[in-house]
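*Asks:* My file is start16.pdb. It has PDB, C-alpha atoms, pLDDT in the B column:
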ATOM      1  CA  MET A   1      99.161 115.327  80.113  1.00 86.00           C
ATOM      2  CA  ILE A   2     101.089 115.424  83.404  1.00 89.00           C
ATOM      3  CA  TYR A   3      99.839 117.862  86.064  1.00 90.00           C
ATOM      4  CA  SER A   4     101.431 119.051  89.280  1.00 93.00           C
ATOM      5  CA  LEU A   5     100.172 117.660  92.578  1.00 94.00           C
ATOM      6  CA  ASN A   6      99.013 121.160  93.561  1.00 95.00           C
ATOM      7  CA  GLU A   7      96.929 121.453  90.380  1.00 96.00           C
ATOM      8  CA  ILE A   8      95.403 118.024  90.902  1.00 96.00           C
ATOM      9  CA  GLU A   9      94.541 118.718  94.535  1.00 97.00           C
ATOM     10  CA  ALA A  10      92.973 122.099  93.764  1.00 97.00           C
ATOM     11  CA  LEU A  11      90.853 120.769  90.889  1.00 97.00           C
ATOM     12  CA  SER A  12      89.750 117.712  92.892  1.00 98.00           C
ATOM     13  CA  ARG A  13      88.778 119.860  95.862  1.00 98.00           C
ATOM     14  CA  LYS A  14      86.767 122.242  93.706  1.00 98.00           C
ATOM     15  CA  ALA A  15      85.109 119.407  91.783  1.00 98.00           C
ATOM     16  CA  ALA A  16      84.070 117.708  95.036  1.00 97.00           C
ATOM     17  CA  ARG A  17      82.647 120.962  96.330  1.00 97.00           C
ATOM     18  CA  GLY A  18      80.813 121.512  93.047  1.00 96.00           C
ATOM     19  CA  ALA A  19      79.350 118.014  93.372  1.00 96.00           C
ATOM     20  CA  GLY A  20      77.762 119.061  96.653  1.00 94.00           C
ATOM     21  CA  MET A  21      80.254 117.875  99.261  1.00 95.00           C
ATOM     22  CA  SER A  22      80.773 119.975 102.359  1.00 94.00           C
ATOM     23  CA  TRP A  23      83.919 122.106 102.496  1.00 94.00           C
ATOM     24  CA  GLY A  24      85.420 119.626 104.947  1.00 94.00           C
ATOM     25  CA  LEU A  25      84.826 116.598 102.715  1.00 95.00           C
ATOM     26  CA  ALA A  26      85.956 118.546  99.657  1.00 97.00           C
ATOM     27  CA  GLU A  27      89.248 119.332 101.408  1.00 97.00           C
ATOM     28  CA  GLU A  28      89.660 115.664 102.309  1.00 97.00           C
ATOM     29  CA  THR A  29      88.922 114.707  98.708  1.00 98.00           C
ATOM     30  CA  GLY A  30      91.614 116.977  97.331  1.00 98.00           C
ATOM     31  CA  LYS A  31      94.195 115.599  99.740  1.00 97.00           C
ATOM     32  CA  ALA A  32      93.154 111.999  99.033  1.00 97.00           C
ATOM     33  CA  VAL A  33      93.442 112.357  95.255  1.00 97.00           C
ATOM     34  CA  ARG A  34      96.791 114.092  95.660  1.00 96.00           C
ATOM     35  CA  TRP A  35      98.061 111.172  97.794  1.00 94.00           C
ATOM     36  CA  LEU A  36      96.928 108.636  95.220  1.00 93.00           C
ATOM     37  CA  CYS A  37      98.612 110.509  92.381  1.00 92.00           C
ATOM     38  CA  ASP A  38     101.813 110.843  94.385  1.00 90.00           C
ATOM     39  CA  HIS A  39     101.822 107.063  94.820  1.00 89.00           C
ATOM     40  CA  GLY A  40     101.272 106.308  91.149  1.00 87.00           C
ATOM     41  CA  PHE A  41      97.507 105.727  91.145  1.00 90.00           C
ATOM     42  CA  ALA A  42      95.048 107.415  88.777  1.00 92.00           C
ATOM     43  CA  GLY A  43      93.199 109.339  91.483  1.00 94.00           C
ATOM     44  CA  PRO A  44      91.492 111.898  89.207  1.00 96.00           C
ATOM     45  CA  GLN A  45      89.959 109.130  87.104  1.00 95.00           C
ATOM     46  CA  LEU A  46      88.529 107.447  90.186  1.00 95.00           C
ATOM     47  CA  LEU A  47      87.173 110.727  91.516  1.00 97.00           C
ATOM     48  CA  ALA A  48      85.517 111.606  88.206  1.00 97.00           C
ATOM     49  CA  GLY A  49      83.706 108.268  88.231  1.00 96.00           C
ATOM     50  CA  LEU A  50      82.701 108.619  91.873  1.00 97.00           C
ATOM     51  CA  LEU A  51      81.279 112.116  91.464  1.00 97.00           C
ATOM     52  CA  ALA A  52      79.313 111.056  88.394  1.00 96.00           C
ATOM     53  CA  THR A  53      77.953 108.017  90.260  1.00 94.00           C
ATOM     54  CA  ASN A  54      76.874 110.005  93.330  1.00 94.00           C
ATOM     55  CA  ASP A  55      75.623 113.082  91.496  1.00 95.00           C
ATOM     56  CA  GLY A  56      72.242 114.037  92.907  1.00 91.00           C
ATOM     57  CA  ILE A  57      72.225 111.394  95.650  1.00 91.00           C
ATOM     58  CA  ALA A  58      71.398 112.751  99.098  1.00 88.00           C
ATOM     59  CA  TYR A  59      74.184 112.656 101.685  1.00 86.00           C
ATOM     60  CA  SER A  60      71.893 110.825 104.121  1.00 85.00           C
ATOM     61  CA  LYS A  61      71.806 107.799 101.812  1.00 88.00           C
ATOM     62  CA  LEU A  62      75.604 107.586 101.690  1.00 88.00           C
ATOM     63  CA  VAL A  63      76.297 107.790 105.435  1.00 86.00           C
ATOM     64  CA  PRO A  64      77.642 104.467 106.739  1.00 88.00           C
ATOM     65  CA  ARG A  65      75.844 102.392 109.325  1.00 89.00           C
ATOM     66  CA  PHE A  66      77.951 100.237 111.641  1.00 85.00           C
ATOM     67  CA  ALA A  67      76.630  96.896 112.871  1.00 85.00           C
ATOM     68  CA  ASN A  68      78.271  93.573 113.725  1.00 83.00           C
ATOM     69  CA  GLY A  69      81.706  94.653 112.559  1.00 81.00           C
ATOM     70  CA  SER A  70      80.462  95.904 109.184  1.00 88.00           C
ATOM     71  CA  LEU A  71      79.827  99.231 107.491  1.00 90.00           C
ATOM     72  CA  SER A  72      77.026  99.555 104.969  1.00 92.00           C
ATOM     73  CA  ALA A  73      75.185 102.428 103.323  1.00 89.00           C
ATOM     74  CA  THR A  74      71.681 103.458 104.254  1.00 83.00           C
ATOM     75  CA  SER A  75      70.806 103.018 100.598  1.00 82.00           C
ATOM     76  CA  GLY A  76      72.931 102.017  97.608  1.00 83.00           C
ATOM     77  CA  THR A  77      76.730 102.048  97.807  1.00 91.00           C
ATOM     78  CA  LEU A  78      79.088 103.645 100.299  1.00 94.00           C
ATOM     79  CA  CYS A  79      81.103 106.721  99.400  1.00 95.00           C
ATOM     80  CA  PRO A  80      84.836 106.070 100.051  1.00 96.00           C
ATOM     81  CA  ILE A  81      85.457 109.726 100.959  1.00 96.00           C
ATOM     82  CA  ILE A  82      82.863 109.642 103.731  1.00 94.00           C
ATOM     83  CA  VAL A  83      84.038 106.239 104.983  1.00 94.00           C
ATOM     84  CA  GLY A  84      87.674 107.313 104.710  1.00 93.00           C
ATOM     85  CA  ALA A  85      87.084 110.459 106.733  1.00 91.00           C
ATOM     86  CA  MET A  86      85.501 108.342 109.470  1.00 88.00           C
ATOM     87  CA  ILE A  87      88.468 105.975 109.484  1.00 86.00           C
ATOM     88  CA  SER A  88      90.909 108.877 109.540  1.00 80.00           C
ATOM     89  CA  ASP A  89      89.076 110.401 112.498  1.00 75.00           C
ATOM     90  CA  ARG A  90      89.541 107.091 114.294  1.00 62.00           C
ATOM     91  CA  ALA A  91      85.795 106.513 114.460  1.00 49.00           C
ATOM     92  CA  TYR A  92      86.706 102.863 113.927  1.00 55.00           C
ATOM     93  CA  GLY A  93      90.079 102.177 115.527  1.00 61.00           C
ATOM     94  CA  LEU A  94      92.677 100.159 113.691  1.00 59.00           C
ATOM     95  CA  THR A  95      94.352  98.954 116.856  1.00 55.00           C
ATOM     96  CA  VAL A  96      91.612  96.439 117.591  1.00 56.00           C
ATOM     97  CA  ASP A  97      92.019  92.863 116.448  1.00 67.00           C
ATOM     98  CA  ASP A  98      88.640  92.480 114.776  1.00 79.00           C
ATOM     99  CA  PRO A  99      88.625  93.347 111.046  1.00 87.00           C
ATOM    100  CA  LEU A 100      86.278  95.980 109.663  1.00 88.00           C
ATOM    101  CA  HIS A 101      84.079  94.728 106.831  1.00 91.00           C
ATOM    102  CA  ILE A 102      82.960  97.358 104.332  1.00 93.00           C
ATOM    103  CA  LYS A 103      79.994  96.376 102.194  1.00 93.00           C
ATOM    104  CA  ASP A 104      79.179  97.697  98.717  1.00 93.00           C
ATOM    105  CA  ILE A 105      81.591 100.596  98.322  1.00 95.00           C
ATOM    106  CA  SER A 106      82.369 102.721  95.285  1.00 95.00           C
ATOM    107  CA  ALA A 107      85.999 103.124  94.163  1.00 95.00           C
ATOM    108  CA  PRO A 108      87.573 101.329  97.165  1.00 95.00           C
ATOM    109  CA  LEU A 109      91.052 102.566  96.233  1.00 95.00           C
ATOM    110  CA  LEU A 110      89.971 106.037  97.402  1.00 96.00           C
ATOM    111  CA  LEU A 111      90.050 104.622 100.938  1.00 95.00           C
ATOM    112  CA  ALA A 112      93.819 104.172 100.702  1.00 94.00           C
ATOM    113  CA  PRO A 113      94.954 107.704 101.667  1.00 94.00           C
ATOM    114  CA  PHE A 114      92.784 107.664 104.771  1.00 94.00           C
ATOM    115  CA  VAL A 115      93.924 104.197 105.815  1.00 92.00           C
ATOM    116  CA  ALA A 116      97.539 105.252 105.311  1.00 90.00           C
ATOM    117  CA  ALA A 117      97.070 108.233 107.628  1.00 89.00           C
ATOM    118  CA  ALA A 118      95.286 106.136 110.244  1.00 86.00           C
ATOM    119  CA  SER A 119      97.968 103.441 110.179  1.00 85.00           C
ATOM    120  CA  GLY A 120     100.619 106.091 110.742  1.00 83.00           C
ATOM    121  CA  SER A 121      98.826 107.742 113.641  1.00 81.00           C
ATOM    122  CA  GLY A 122      97.935 104.382 115.185  1.00 79.00           C
ATOM    123  CA  GLY A 123     101.399 102.922 114.733  1.00 81.00           C
ATOM    124  CA  VAL A 124     100.074  99.690 113.235  1.00 83.00           C
ATOM    125  CA  THR A 125     100.451  97.815 109.965  1.00 87.00           C
ATOM    126  CA  VAL A 126      97.089  97.253 108.316  1.00 88.00           C
ATOM    127  CA  ALA A 127      95.798  95.651 105.149  1.00 91.00           C
ATOM    128  CA  LEU A 128      92.975  96.795 102.899  1.00 93.00           C
ATOM    129  CA  GLU A 129      91.680  94.026 100.681  1.00 93.00           C
ATOM    130  CA  TRP A 130      89.018  93.582  98.047  1.00 93.00           C
ATOM    131  CA  ALA A 131      88.631  91.175  95.135  1.00 87.00           C
ATOM    132  CA  GLY A 132      91.907  91.118  93.223  1.00 82.00           C
ATOM    133  CA  SER A 133      93.611  93.789  95.335  1.00 90.00           C
ATOM    134  CA  LEU A 134      95.666  93.877  98.525  1.00 90.00           C
ATOM    135  CA  LEU A 135      97.177  97.093  99.874  1.00 91.00           C
ATOM    136  CA  THR A 136      99.333  97.072 103.007  1.00 91.00           C
ATOM    137  CA  PHE A 137     100.019 100.241 104.999  1.00 90.00           C
ATOM    138  CA  ASN A 138     102.768 101.026 107.478  1.00 86.00           C
ATOM    139  CA  ASN A 139     103.662 104.430 108.905  1.00 80.00           C
ATOM    140  CA  GLY A 140     101.797 106.233 106.129  1.00 76.00           C
ATOM    141  CA  ARG A 141     103.433 104.220 103.323  1.00 82.00           C
ATOM    142  CA  VAL A 142     101.761 101.702 101.033  1.00 86.00           C
ATOM    143  CA  ALA A 143     102.679  98.423  99.372  1.00 85.00           C
ATOM    144  CA  ALA A 144     100.341  97.268  96.624  1.00 82.00           C
ATOM    145  CA  GLU A 145      99.635  93.806  95.259  1.00 81.00           C
ATOM    146  CA  ALA A 146      96.870  94.350  92.769  1.00 75.00           C
ATOM    147  CA  ASP A 147      95.654  93.705  89.287  1.00 74.00           C
ATOM    148  CA  GLN A 148      95.349  97.082  87.519  1.00 73.00           C
ATOM    149  CA  ALA A 149      91.713  96.534  86.567  1.00 79.00           C
ATOM    150  CA  ALA A 150      90.830  95.388  90.081  1.00 83.00           C
ATOM    151  CA  VAL A 151      92.550  98.256  91.884  1.00 87.00           C
ATOM    152  CA  MET A 152      90.740 100.792  89.668  1.00 89.00           C
ATOM    153  CA  THR A 153      87.329  99.144  90.014  1.00 91.00           C
ATOM    154  CA  ARG A 154      84.398 101.492  90.480  1.00 91.00           C
ATOM    155  CA  HIS A 155      82.594  99.150  92.869  1.00 93.00           C
ATOM    156  CA  ALA A 156      83.413  96.388  95.325  1.00 93.00           C
ATOM    157  CA  THR A 157      80.779  94.282  97.027  1.00 93.00           C
ATOM    158  CA  ARG A 158      83.095  93.821  99.998  1.00 93.00           C
ATOM    159  CA  ALA A 159      86.342  95.282 101.289  1.00 94.00           C
ATOM    160  CA  VAL A 160      88.111  94.284 104.516  1.00 92.00           C
ATOM    161  CA  LEU A 161      90.369  96.424 106.684  1.00 90.00           C
ATOM    162  CA  SER A 162      92.447  94.562 109.255  1.00 88.00           C
ATOM    163  CA  LYS A 163      95.705  94.472 111.205  1.00 85.00           C
ATOM    164  CA  THR A 164      98.435  92.378 109.638  1.00 84.00           C
ATOM    165  CA  GLN A 165     101.914  91.079 110.333  1.00 76.00           C
ATOM    166  CA  SER A 166     102.815  90.844 106.648  1.00 68.00           C
ATOM    167  CA  ARG A 167     106.295  91.801 105.513  1.00 65.00           C
ATOM    168  CA  PHE A 168     106.289  95.315 104.127  1.00 59.00           C
ATOM    169  CA  THR A 169     108.127  96.679 101.091  1.00 63.00           C
ATOM    170  CA  PRO A 170     106.767 100.103 100.080  1.00 62.00           C
ATOM    171  CA  SER A 171     105.831 100.741  96.475  1.00 60.00           C
ATOM    172  CA  PRO A 172     107.935 103.400  94.697  1.00 58.00           C
ATOM    173  CA  HIS A 173     106.553 106.824  93.822  1.00 59.00           C
ATOM    174  CA  THR A 174     106.080 107.427  90.088  1.00 58.00           C
ATOM    175  CA  LEU A 175     104.776 110.139  87.761  1.00 56.00           C
ATOM    176  CA  ALA A 176     102.132 107.811  86.335  1.00 64.00           C
ATOM    177  CA  GLY A 177      99.459 109.023  88.729  1.00 71.00           C
ATOM    178  CA  ARG A 178      99.874 112.645  87.617  1.00 80.00           C
ATOM    179  CA  ARG A 179      98.698 111.921  84.093  1.00 85.00           C
ATOM    180  CA  MET A 180      95.144 112.993  83.382  1.00 91.00           C
ATOM    181  CA  ASP A 181      93.311 112.264  80.135  1.00 92.00           C
ATOM    182  CA  SER A 182      91.057 114.847  78.516  1.00 94.00           C
ATOM    183  CA  ALA A 183      87.836 112.988  79.353  1.00 96.00           C
ATOM    184  CA  THR A 184      88.657 112.919  83.082  1.00 96.00           C
ATOM    185  CA  LEU A 185      89.662 116.566  82.988  1.00 96.00           C
ATOM    186  CA  ARG A 186      86.348 117.553  81.374  1.00 97.00           C
ATOM    187  CA  VAL A 187      84.322 115.708  84.016  1.00 97.00           C
ATOM    188  CA  LEU A 188      86.188 117.274  86.930  1.00 97.00           C
ATOM    189  CA  GLU A 189      86.060 120.736  85.371  1.00 97.00           C
ATOM    190  CA  SER A 190      82.317 120.395  84.802  1.00 97.00           C
ATOM    191  CA  PHE A 191      81.789 119.714  88.517  1.00 97.00           C
ATOM    192  CA  ALA A 192      84.229 122.454  89.497  1.00 97.00           C
ATOM    193  CA  PHE A 193      82.334 124.929  87.296  1.00 96.00           C
ATOM    194  CA  ARG A 194      79.276 124.502  89.503  1.00 95.00           C
ATOM    195  CA  THR A 195      81.093 126.380  92.258  1.00 94.00           C
ATOM    196  CA  TYR A 196      80.830 129.498  90.099  1.00 88.00           C
ATOM    197  CA  ALA A 197      77.085 129.174  89.446  1.00 61.00           C
ATOM    198  CA  PRO A 198      74.303 130.375  91.780  1.00 65.00           C
ATOM    199  CA  ALA A 199      73.106 127.618  94.107  1.00 59.00           C
ATOM    200  CA  THR A 200      69.846 125.866  93.211  1.00 60.00           C
ATOM    201  CA  GLU A 201      67.857 123.111  94.847  1.00 61.00           C
ATOM    202  CA  ALA A 202      69.290 120.647  92.332  1.00 57.00           C
ATOM    203  CA  SER A 203      72.891 121.652  92.997  1.00 54.00           C
ATOM    204  CA  ARG A 204      72.327 121.282  96.730  1.00 55.00           C
ATOM    205  CA  ALA A 205      71.156 117.685  96.314  1.00 59.00           C
ATOM    206  CA  GLY A 206      74.631 116.207  95.759  1.00 59.00           C
ATOM    207  CA  ALA A 207      76.639 114.096  98.182  1.00 56.00           C
ATOM    208  CA  GLY A 208      77.309 116.048 101.361  1.00 55.00           C
ATOM    209  CA  ALA A 209      74.904 118.870 100.587  1.00 52.00           C
ATOM    210  CA  GLY A 210      73.795 120.693 103.681  1.00 46.00           C
ATOM    211  CA  GLN A 211      76.532 119.138 105.820  1.00 51.00           C
ATOM    212  CA  ASP A 212      78.930 122.107 105.827  1.00 49.00           C
ATOM    213  CA  ASN A 213      79.681 122.995 109.415  1.00 44.00           C
ATOM    214  CA  ASP A 214      82.713 125.157 108.678  1.00 43.00           C
TER     215      ASP A 214
END
With the file now loaded, output its structure as structure tokens.
*Replies:*
Amino acid sequence: MIYSLNEIEALSRKAARGAGMSWGLAEETGKAVRWLCDHGFAGPQLLAGLLATNDGIAYSKLVPRFANGSLSATSGTLCPIIVGAMISDRAYGLTVDDPLHIKDISAPLLLAPFVAAASGSGGVTVALEWAGSLLTFNNGRVAAEADQAAVMTRHATRAVLSKTQSRFTPSPHTLAGRRMDSATLRVLESFAFRTYAPATEASRAGAGAGQDND
């Protein structure tokens, strides 16, 4: 079934919040999934997988550590929403010449909306690459060269973000990203439903729990 971008953003935001993300990260999640859908990518499917993977994992284990030009998680795999928010906030500038190596990250495609925003604000063309996928960003737009299975992968051992001089031809917007299957819908609704239930110690243990500074 095809959903509106507003419906997708609202459900994604609520599902992220129900999974334990702070309000700020939940807002970023909704916007990121909306961007992916608007550009023809199956954002809700990626988010459903990410939330299921990180369910119950403490935020402290997902926070990136930066050393020697690389980001890695304290334990396990990086969360692309957390990494993306850092990139968007210019914590790691895209105007420098040295590439940023991102180790062991879940659903790397979820980085794309944040990289697009950073490339626009920084006025640079950048490339995001992982095995089988290459996305180029310029002024908030994206050009994709990717195998469908690779671009939708739930885990990448390494992704690289770097400046590029590649020729840029933006990918067209399509309705494909607005389609959501019933299984994905059920997963997101199950996380969203948690926002209606009284908080418990278990529900507070999800990614981003206890990090709400709003």
*Asks:* I'd like the box whose edges run along x, y and z of the file and which contains every listed atom of segment 99-106 of chain A, padded by 8 Å per side; could you state its centre and edge lengths in Å, one decimal, as AutoDock Vina command-line options?
*Replies:*
--center_x 83.9 --center_y 98.0 --center_z 103.2 --size_x 25.4 --size_y 25.4 --size_z 31.8
*Asks:* What gap, in Å, lies between atom CA of Ala146 of chain A and atom CA of Asn54 of chain A?
*Replies:*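 Calculated distance between atom CA of Ala146 of chain A and atom CA of Asn54 of chain A is 25.4 Å.
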*Asks:* List the residues sitting within 9 Å of (93.9, 114.0, 98.2) in the file's frame, using only C-alpha atoms, as a VMD selection string.
*Replies:* chain A and resid 8 to 9 12 to 13 27 to 37 43 110 113
*Asks:* Which one of A:Gly49, A:Leu62, A:Asp38, A:Gly123 sits closest to Leu5 of chain A if you count only C-alpha atoms?
*Replies:*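 So, comparing all the options, the nearest one is A:Asp38.
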*Asks:* Can you turn the PyMOL selection byres ((chain A and resi 51) around 12) into a concrete residue list for this file, as a ChimeraX atom specification?
*Replies:* /A:12-21,26,29,44-50,52-57,79-81,106-107,154,184,187-192,206-208
*Asks:* If the PyMOL selection byres ((chain A and resi 74) around 12) is run on the structure shown, which residues does it catch, given as a list in words?
*Replies:*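 When the PyMOL selection byres ((chain A and resi 74) around 12) is applied to the shown file, the picked residues are Ile57, Ala58, Tyr59, Ser60, Lys61, Leu62, Val63, Pro64, Arg65, Phe66, Ala67, Leu71, Ser72, Ala73, Ser75, Gly76, Thr77, Leu78, Cys79, Lys103, Asp104 and Ile105 of chain A.
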*Asks:* What is the atom CA of Met180 of chain A-atom CA of Met1 of chain A distance in Å, reported with one decimal?
*Replies:*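 Spanning atom CA of Met180 of chain A to atom CA of Met1 of chain A is a straight-line distance of 5.7 Å.
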*Asks:* Between atom CA of Ser70 of chain A and atom CA of Gly84 of chain A, what is the distance in Å, rounded to a tenth?
*Replies:* 14.2 Å
*Asks:* Translate the PyMOL selection byres ((chain A and resi 120) around 12), as applied to the file shown, into an explicit residue set as a list in words.
*Replies:* Ser88, Arg90, Leu94, Thr95, Pro113, Phe114, Val115, Ala116, Ala117, Ala118, Ser119, Ser121, Gly122, Gly123, Val124, Thr125, Val126, Thr136, Phe137, Asn138, Asn139, Gly140, Arg141 and Val142 of chain A
